[in-house]
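Here is the structure we will look at, set down as structure tokens.
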Amino acid sequence: MRIDWIAKANHLLQTLAFCLAAAAIQFAFRPERPYEIALVYSLAIGSSIWFLIDFGRSLFASSSRSGWPQGHGAWLLPLASVAFGYLAGTAAGDAWFGWSSWSGVGLQTLPASLLITALAGSAASYYFYTRTQSSYLAARAAEAGEQAMQARLKMLETQLEPHMLFNTLANLQALIDTDPARAHVMLDHLIAYLRATLGASRANTHSLQAEFDRLRDYLELMAIRMGKRMSFELQLPPALATQPVPTLLLQPLVENAIRHGLEPKVQGGSVTVRALRSDAALTLEVADTGVGLTRPENANDGFGLAHVRERLATRYGDAARLTIAPGPDSGVVVRIHLPLHD
Amino acid sequence: MPSALIAEDEPLLAQALRKALTQAWPELEIVASVGDGDAAVSQTLLLRPDVLFLDIRMPARSGIEAAADIADQWDADAHGTRFPALVFITAYEQYALQAFEAHAIDYLLKPLQPERLRKTVERLRALLTQSEPACASGTPAQRNGPAIEQAVDHLRRLLAGAAEPVPAAEPLTVLQASVGNVIHIVALDEVLTLEAADKYVRVLTAQHEYLIRTPLREILPRLDPQVFWQVHRAQVVRARAIDTVTRDEVGKLWLQLHGRPERIAVSRLYAQRFKAM
């Protein structure tokens, strides 16, 4: 374990301050005893205990995460350190003054100093324990926050692909002079698409109707761009329109269908998105008539697909399934099976 | 009158470019507007325009690949018209833009900016007028030589740069080719050349020819590039199997393999490998 010398020095200084306070309190209670005695013993014992705990915790493998040992070590360490620290500190103090605390006059003060050490030792140990725990937890929280932010940025990046955006704008620009009415409609779709894409990271679920509306926005934009090369169809039975689904769950599938299925094919093809009820399950299907699965193992790759699987797993666990299969004539059919909501 | 070919798969954008060019360059004749990379190659070789406007992302072949193929097959005829000036069009291709600038290849961004297009048109006009008197003499190869070589060089680097990182693939030792109900296990050591043809790859050994279905681009990463040299986008040849390399009158390289009668053409893009030591 790395030694953070600054932190150790910090702890030592705090310990010494604590010892000074303890010595002062002792002197206040027993002013007939010279202050020097209380001071020396307090500092000696205190720093011995500190030394044993602060360096001793590095010896435990389980303290490598939070800085404090887990399990039995959590209380064994301070207990042993207080005991041995007391002995070592007392021996040091004895050496300083040239007498022995273990015999004669010294023995009288033993119980008192033992008690004080035990109390002070426990208090200090607890204080340091909570300090290390809270700084560890704070670090973890910051890390988690950072990761969540990265994940959001990544999702935004993939959802709002610059290529898609600029090509769409270029088409819009072309339409403005030649067909202003159509340009208007296209702009409406673009605005809805952007709102959905940028806002999707906040909302969690929406109705299947809303999902299909968002898909329609995207597909309309692509249809204008690809012209005769693309046609699409959305089939949503009214009875299923209110079923809740994660927002933009199907978006990556539709994007894949176009990008990998239709775009490479010179004559293009069609995309069909359907929702149907099968027994007690809801089946969502995205089918294309594109180039198909060039390699079966590829079918499981791709950030979009992995993302969809992840979302399904997080939300539904084993209750949801995603299957990929070749289409009836050409292309690919991706099916998601979800539990039906009542 | 200068001529141009537009290769853009999104119909509205092709129209928009055509319209913008009519305004910026009225004398320019748009001889064809195609929607995919294959058509771009075939139409360019047929019509021989002076300028090519190539969208990068197109079905069948990308704009860069199409340009490379055109450069490769250019001097087939004896008229020797000048290799077209290239302008690539893209909505957003961060690395390609840097590469284009580095090699002084012109590009246009979508959505089109009229001012930018004007500048490109100026450059093209200057390019076309300046080259005519200077190149009136010489054979087609000489006339086209330097220009094509340069274009090819730039395109090769673009292609290499644009190549997606291939995941580490395990090396091949045998190929499995099916003939009817039988699968032949062909030791890679016996393979002289692999050539992509249509949906298949032709595998030639000294005595036999086999067909396999795996695309060449999937096999390539699993071959040792020191052993198998790529001579063409669609063909690799075992270096040791090459007997001679001959240059013909128009400057094209041809390979002769030990023990096989056919000659194999070497594409310009890969010709630099065959130099005397």
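As shown in the structure tokens, the chain order sets the letters A, B, ...; within each chain, residues go from 1, and ligands are also counted from 1 in the order they appear.
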Residues of chain B at most 12 Å from chain A: nearest atom pair and distance in Å, only C-alpha atoms, as a tab-separated table:
residue	atom	partner	partner_atom	distance
B:Glu8	CA	A:Met226	CA	10.5
B:Asp9	CA	A:Met226	CA	7.3
B:Glu10	CA	A:Met226	CA	5.3
B:Pro11	CA	A:Gly227	CA	6.3
B:Leu12	CA	A:Asn171	CA	6.2
B:Leu13	CA	A:Asn171	CA	6.0
B:Ala14	CA	A:Ala174	CA	9.4
B:Gln15	CA	A:Ala174	CA	8.0
B:Ala16	CA	A:Ala174	CA	5.6
B:Leu17	CA	A:Ala174	CA	8.9
B:Arg18	CA	A:Ala174	CA	10.9
B:Lys19	CA	A:Ala174	CA	9.6
B:Ala20	CA	A:Ala174	CA	10.0
B:Val34	CA	A:Val266	CA	10.9
B:Gly35	CA	A:Val266	CA	7.9
B:Asp36	CA	A:Val266	CA	6.5
B:Gly37	CA	A:Val266	CA	9.1
B:Asp38	CA	A:Val266	CA	9.1
B:Ala39	CA	A:Val266	CA	9.8
B:Asp55	CA	A:Asn167	CA	11.3
B:Ile56	CA	A:His163	CA	11.4
B:Arg57	CA	A:Glu263	CA	9.3
B:Met58	CA	A:Pro264	CA	7.4
B:Pro59	CA	A:Pro264	CA	4.3
B:Ala60	CA	A:Pro264	CA	5.9
B:Arg61	CA	A:Pro264	CA	8.6
B:Ser62	CA	A:Pro264	CA	9.9
B:Ile89	CA	A:Asn167	CA	11.0
B:Thr90	CA	A:His163	CA	8.5
B:Ala91	CA	A:Phe166	CA	5.5
B:Tyr92	CA	A:His163	CA	5.3
B:Glu93	CA	A:His163	CA	7.7
B:Gln94	CA	A:Pro162	CA	10.1
B:Leu109	CA	A:Phe166	CA	9.0
B:Lys110	CA	A:Ala170	CA	5.7
B:Pro111	CA	A:Ala170	CA	4.1
B:Leu112	CA	A:Ala170	CA	7.1
B:Gln113	CA	A:Ala170	CA	10.0
B:Pro114	CA	A:Gln173	CA	11.9
B:Lys199	CA	A:Thr294	CA	11.8
B:Arg213	CA	A:Thr294	CA	11.3
B:Thr214	CA	A:Arg295	CA	9.7
B:Pro215	CA	A:Thr294	CA	9.8
B:Glu218	CA	A:Arg295	CA	10.3
Discussion item. Env of B:Thr120: 10 Å cut, atoms = only C-alpha atoms, seq-sep filter 2 positions within chain, self excluded. Answer as a list of chain:residue names.
Written reply: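 The filter keeps B:Ala24, B:Val87, B:Asp106, B:Tyr107, B:Leu108, B:Pro114, B:Glu115, B:Arg116, B:Leu117, B:Arg118, B:Glu122, B:Arg123, B:Leu124, B:Arg125, B:Ala126.
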Could you write out the selected residues, including N, CA and C atoms, as a CSV table (one decimal), in the first residue's frame?
chain,number,residue,atom,x,y,z
B,24,ALA,N,-22.4,28.8,-59.9
B,24,ALA,CA,-21.0,29.1,-59.7
B,24,ALA,C,-20.1,28.9,-60.9
B,87,VAL,N,-12.7,16.2,-56.3
B,87,VAL,CA,-13.2,17.0,-55.1
B,87,VAL,C,-14.1,16.0,-54.3
B,106,ASP,N,-8.8,18.6,-52.8
B,106,ASP,CA,-9.9,19.5,-52.4
B,106,ASP,C,-11.1,18.8,-51.9
B,107,TYR,N,-11.8,19.4,-51.0
B,107,TYR,CA,-13.0,18.8,-50.4
B,107,TYR,C,-14.1,19.9,-50.2
B,108,LEU,N,-15.3,19.4,-50.2
B,108,LEU,CA,-16.4,20.3,-49.9
B,108,LEU,C,-17.2,19.7,-48.7
B,114,PRO,N,-21.9,28.5,-50.3
B,114,PRO,CA,-21.7,29.1,-51.6
B,114,PRO,C,-20.3,29.7,-51.7
B,115,GLU,N,-19.8,30.3,-50.7
B,115,GLU,CA,-18.5,31.0,-50.8
B,115,GLU,C,-17.4,29.9,-50.9
B,116,ARG,N,-17.5,28.9,-50.2
B,116,ARG,CA,-16.5,27.8,-50.3
B,116,ARG,C,-16.5,27.1,-51.7
B,117,LEU,N,-17.7,27.0,-52.2
B,117,LEU,CA,-17.8,26.3,-53.5
B,117,LEU,C,-17.2,27.2,-54.6
B,118,ARG,N,-17.4,28.6,-54.4
B,118,ARG,CA,-16.7,29.5,-55.3
B,118,ARG,C,-15.2,29.3,-55.3
B,122,GLU,N,-12.9,28.2,-58.5
B,122,GLU,CA,-11.7,29.0,-59.0
B,122,GLU,C,-10.5,28.1,-59.1
B,123,ARG,N,-10.2,27.3,-58.1
B,123,ARG,CA,-9.1,26.4,-58.1
B,123,ARG,C,-9.1,25.4,-59.3
B,124,LEU,N,-10.3,24.9,-59.5
B,124,LEU,CA,-10.5,23.9,-60.6
B,124,LEU,C,-10.3,24.6,-61.9
B,125,ARG,N,-10.9,25.7,-62.1
B,125,ARG,CA,-10.7,26.5,-63.4
B,125,ARG,C,-9.2,26.7,-63.6
B,126,ALA,N,-8.5,27.2,-62.6
B,126,ALA,CA,-7.1,27.4,-62.8
B,126,ALA,C,-6.4,26.1,-63.2
Neighbour list for B:Asp224 as a compact mmCIF listing (two decimals) with N, CA and C atoms, in the first residue's frame, cut-off 10 Å, only C-alpha atoms, skip fewer than 6 positions in-chain:
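Final file, selection-v5.txt:
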# COMPACT_ATOMS: atom_id res chain seq x y z
N PRO B 171 -3.61 -16.59 -37.54
CA PRO B 171 -3.07 -16.88 -38.88
C PRO B 171 -3.66 -18.17 -39.43
N LEU B 172 -3.81 -18.18 -40.76
CA LEU B 172 -4.36 -19.36 -41.42
C LEU B 172 -3.25 -20.34 -41.75
N ARG B 238 1.55 -15.02 -53.65
CA ARG B 238 2.68 -15.49 -52.84
C ARG B 238 3.94 -14.95 -53.48
Discussion item. I'd like the contact shell of B:Ala197 - 10 Å cut-off, only C-alpha atoms, skipping same-chain residues fewer than 3 positions apart - returned as a list in words.
Written reply: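 That gives Leu194, Tyr200, Val201, Arg202, Leu211, Pro215, Leu216, Ala234 and Gln235 of chain B.
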Just to be explicit: take each residue in the selection above, keep C-alpha atoms, and write the result as a PDB file, in the first residue's frame.
ATOM      1  CA  LEU B 194      -5.998 -15.580 -54.025  1.00  0.00           C
ATOM      2  CA  TYR B 200     -16.157 -15.856 -54.359  1.00  0.00           C
ATOM      3  CA  VAL B 201     -12.431 -15.938 -53.932  1.00  0.00           C
ATOM      4  CA  ARG B 202     -10.396 -17.986 -56.394  1.00  0.00           C
ATOM      5  CA  LEU B 211     -13.483 -21.345 -54.915  1.00  0.00           C
ATOM      6  CA  PRO B 215     -14.578 -12.531 -48.657  1.00  0.00           C
ATOM      7  CA  LEU B 216     -10.985 -11.593 -49.360  1.00  0.00           C
ATOM      8  CA  ALA B 234      -8.793  -7.945 -55.226  1.00  0.00           C
ATOM      9  CA  GLN B 235      -5.713 -10.113 -55.380  1.00  0.00           C
TER      10      GLN B 235
END
Fill in: Nearest candidate to B:Gly251 (options B:Ala7, B:Trp74, B:Leu54, B:Ile30; using only C-alpha atoms)
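Distance minimum relative to B:Gly251 lands on B:Trp74.
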Practice prompt. Determine the nearest neighbour of A:Ile191 from the options A:Pro326, A:Ser64, A:Tyr218, A:Ala120, counting only C-alpha atoms.
Written response: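 Checking each of A:Pro326, A:Ser64, A:Tyr218, A:Ala120 against A:Ile191, counting only C-alpha atoms, the winner is A:Tyr218.
Of note, atom CA of A:Tyr316 and atom CA of A:Leu282 are spaced 12.7 Å apart.
The space between atom CA of A:Pro244 and atom CA of A:Asp188 spans 24.7 Å.
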Worksheet item: Any idea what's packed within 10 Å of A:Leu52, counting only C-alpha atoms, ignoring anything in its chain fewer than 5 positions away? Could you give it as a list in words?
Response: Ser47, Arg57, Leu77, Pro78, Ala80, Ser81, Val82, Phe84 and Gly85 of chain A
Worksheet entry | Separation of atom CA of B:His232 from atom CA of B:Asp50 in Å |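 That distance, rounded to one decimal, is 25.6 Å.
With only C-alpha atoms as the atoms that count, the minimum distance from A:Ser330 to the choices A:Asp288, A:Asp179, A:Glu310, A:Asp342 is reached by A:Asp288.
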Practice prompt. Find the residues near stretch 241-249 of chain B: any atom within 8 Å, counting only C-alpha atoms, skip ones fewer than 5 places away on the same chain, and give them as a ChimeraX atom specification.
Written response: /B:192,254-258,274
Practice prompt. DSSP on the backbone, then: every residue of stretch 55-212 of chain A marked helix (DSSP H, G or I), written as a PyMOL selection string.
Written response: chain A and resi 55-59+61-64+73-97+105-159+162-178+180-199+208-212
Item to complete: Write out as a list in words each polymer residue whose atoms come within 9 Å of A:Leu249, counting only C-alpha atoms; drop sequence neighbours fewer than 3 positions from it.
Response: Glu211, Val245, Pro246, Pro252, Leu253, Val308, Arg311 and Leu312 of chain A
For the residues in that selection, give me N, CA and C atoms as a tab-separated table (two decimals), in the first residue's frame.
chain	number	residue	atom	x	y	z
A	211	GLU	N	-42.92	6.05	-28.44
A	211	GLU	CA	-41.73	5.43	-29.02
A	211	GLU	C	-41.85	5.38	-30.54
A	245	VAL	N	-42.45	1.40	-22.50
A	245	VAL	CA	-41.16	0.85	-22.92
A	245	VAL	C	-40.07	1.86	-22.57
A	246	PRO	N	-38.84	1.40	-22.38
A	246	PRO	CA	-37.75	2.36	-22.14
A	246	PRO	C	-37.63	3.31	-23.31
A	252	PRO	N	-31.62	2.39	-31.68
A	252	PRO	CA	-30.39	1.82	-32.22
A	252	PRO	C	-30.66	0.70	-33.23
A	253	LEU	N	-31.75	-0.04	-33.03
A	253	LEU	CA	-32.04	-1.13	-33.94
A	253	LEU	C	-32.43	-0.59	-35.31
A	308	VAL	N	-28.59	-1.80	-26.16
A	308	VAL	CA	-29.97	-2.25	-26.03
A	308	VAL	C	-30.05	-3.45	-25.09
A	311	ARG	N	-29.67	-2.36	-21.51
A	311	ARG	CA	-30.86	-1.71	-20.97
A	311	ARG	C	-31.93	-2.73	-20.63
A	312	LEU	N	-32.09	-3.70	-21.52
A	312	LEU	CA	-33.09	-4.73	-21.27
A	312	LEU	C	-32.73	-5.53	-20.02
Worksheet entry | Closest of A:Ile3, A:Leu248, A:Leu340, A:Ala210 to A:Leu198 - atom-to-atom distances counting only C-alpha atoms | A:Leu248
Worksheet item: Which of stretch 39-286 of chain A counts as strand (DSSP E or B) under DSSP, as a ChimeraX atom specification please?
Response: /A:205-207,230-235,244-246,269-278,281-286
